[in-house]
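A short worksheet on the structure shown next.
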Amino acid sequence: MTAVDDAVRAEIQRRGPIPFSEVVEHALYAPDGGFYASGGQAGRRGDFLTSPEVGPLFGVVVAGALDTWWDEAGRPAVFPVVEAGAGPGTLARAVLAAEPRCAAALRYVLVERSASQRDLHAEHLALEAPGAAFASLPEPDDDNPRAVGYPPTGPILVSLPELPRLPGPCVVLANELLDNLPFGLLERTAAGWAEVHVGLDGDDLVEVPLATTDDVAVDAAVGARVPRQSAAASWVADARELAGPGGRVVALDYASTTADLAQRPWTEWVRTYRGQARGGPPLEGLGAQDITCEVAVDQLPAPTAASSQADWLRAHGIDDLVAEGRAQWKEQAAVGDLAAVRARSRVGEAEALLDEGGLGGFRVLEWWG
Ligand SMILES: C[S@@+](CC[C@H](N)C(=O)[O-])C[C@H]1O[C@@H](n2cnc3c(N)ncnc32)[C@H](O)[C@@H]1O
């Protein structure tokens, strides 16, 4: 039995059945034994592969997108970008390695809830204290003309456990964060909708549907389930507030709609992972496996734009980057140095990132204005 199993059982004994969303919260984020508190992470040597972990190409495309948005904003001297759910910091490293044109203005804030993953940021990135990144401007005077030394030259990197408050517009990025925010489960019963709770039958954790006034406006047969993604919806609202007028929120994830999910077995859209493989049922081994849910887009604030990841990457120049990689490999294959090998690997990375049946089929949701 895991530490989280024990904690959840103790909680149920105290309070009776608890909502499924609370169990997910414990399983993923409990400081004592939660999946992400005890080393679970994305990566080839981690538990599951995400777009940034496929290789550096995803970060090169994101770096290009940041340059586009920086240009559109009139190339401000300070350009804050917040990456939420930054994991071990792989995307940040790839973005910086791509040397975007906005680098000198870039204030890159990695936001990661898991302390063990935040520790990894400092291993690979030169982090600064948050105050240094967003220190208020000293008034320019004869002794301190703004042209000399201000604003400090970026990129400046900061790592935080939660979303900051920043003055002025910023870009907020989140790759595969929304699917990992604790979600509830609603079940259609003959008497209406019920919220799935988790209770105890002897020593076993069992699902207990309890009637709810929460209503879901979709056709669903008795027994059908849908997720309740209040945490994802309120995260998007917070991120939009942080991005502010003139800013932008970009979330990439596997996604669907409530109506579609209601037609499919819930065990298909609630998925568990550990060690690069599918895990067991969600209530098994709490804390020892990741628990995720396809994102019901209609439960989020309506996005300004939505596309597939493949289309989004193409719109931001992935095809040119791959062609560039091919040409470079052709020229330098005989040398076979790191640059040549990286150039060649772009081809394979692009295939994985654009695969419509996999990462390329993810949704990219953007909010701005
Ligand atoms: C599936 S991983 C994705 C990591 C990375 N973005 C990637 O694509 O490889 C989701 C990450 O979000 C983090 N997370 C969950 N809730 C969070 C929150 N409210 N704020 C910041 N990070 C969060 C988790 O700890 C986990 O590292």
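Order determines the names: the first chain of the structure tokens is A, the second B, and so forth; residues in each chain are numbered 1 upward, and ligands are numbered 1 upward as they are shown.
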
* Which residues, written as a list in words, have at least one atom at most 10 Å from Ala122 in chain A, with only C-alpha atoms counted and residues fewer than 5 positions away on the same chain left out? -> Pro88, Gly89, Gln117, Leu127, Glu128, Leu157, Val158 and Ser159 of chain A

* To do: List all protein, DNA and RNA residues that have an atom no more than 7 Å from any atom of ligand 1, counting only C-alpha atoms and all ligand atoms, and report them as a list in words.
  => Tyr36, Gln41, Ala42, Gly43, Thr50, Ser51, Pro52, Glu53, Ala84, Gly85, Ala86, Gly87, Thr90, Val111, Glu112, Arg113, Ser114, Gln117, Pro161, Glu162, Leu163, Ala174, Asn175, Glu176, Leu177, Asn180 and Leu181 of chain A

* Near Gly39 in chain A, counting only C-alpha atoms, which residues have an atom at most 12 Å away, once you skip same-chain residues fewer than 6 positions from it, shown as number ranges by chain? -> A: 28-29, 31-33, 45-47, 87-88, 114-120, 274-275, 287-290

* **Test item: residues at most 8 Å from range 296-311 of chain A, only C-alpha atoms, excluding those fewer than 4 positions along its chain, as a PyMOL selection string** => chain A and resi 227-230+232-233+236-237+252+255-258+261+315+353-356+359-368

* To do: Compare A:Gly34, A:Gly369, A:Gly199, A:Pro169 by their minimum atom-to-atom distance to Arg14 in chain A, counting only C-alpha atoms, and give me the closest one.
  =>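 Going through A:Gly34, A:Gly369, A:Gly199, A:Pro169 one by one, the smallest distance to Arg14 in chain A is for A:Gly199.
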
* Running DSSP on the backbone, which parts of range 49-270 of chain A land in strand (DSSP E), as a PyMOL selection string? -> chain A and resi 79-84+106-111+156-160+171-175+184-189+192-201+204-211+225-228+248-253+255-256+270

* In Å, rounded to a single decimal, give me how far CA of Leu178 in chain A is from CA of Leu210 in chain A. => 25.5 Å

* Atom pair CA of Glu123 in chain A / CA of Leu110 in chain A: separation (Å) ->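 Interatomic distance, CA of Glu123 in chain A to CA of Leu110 in chain A: 13.5 Å.
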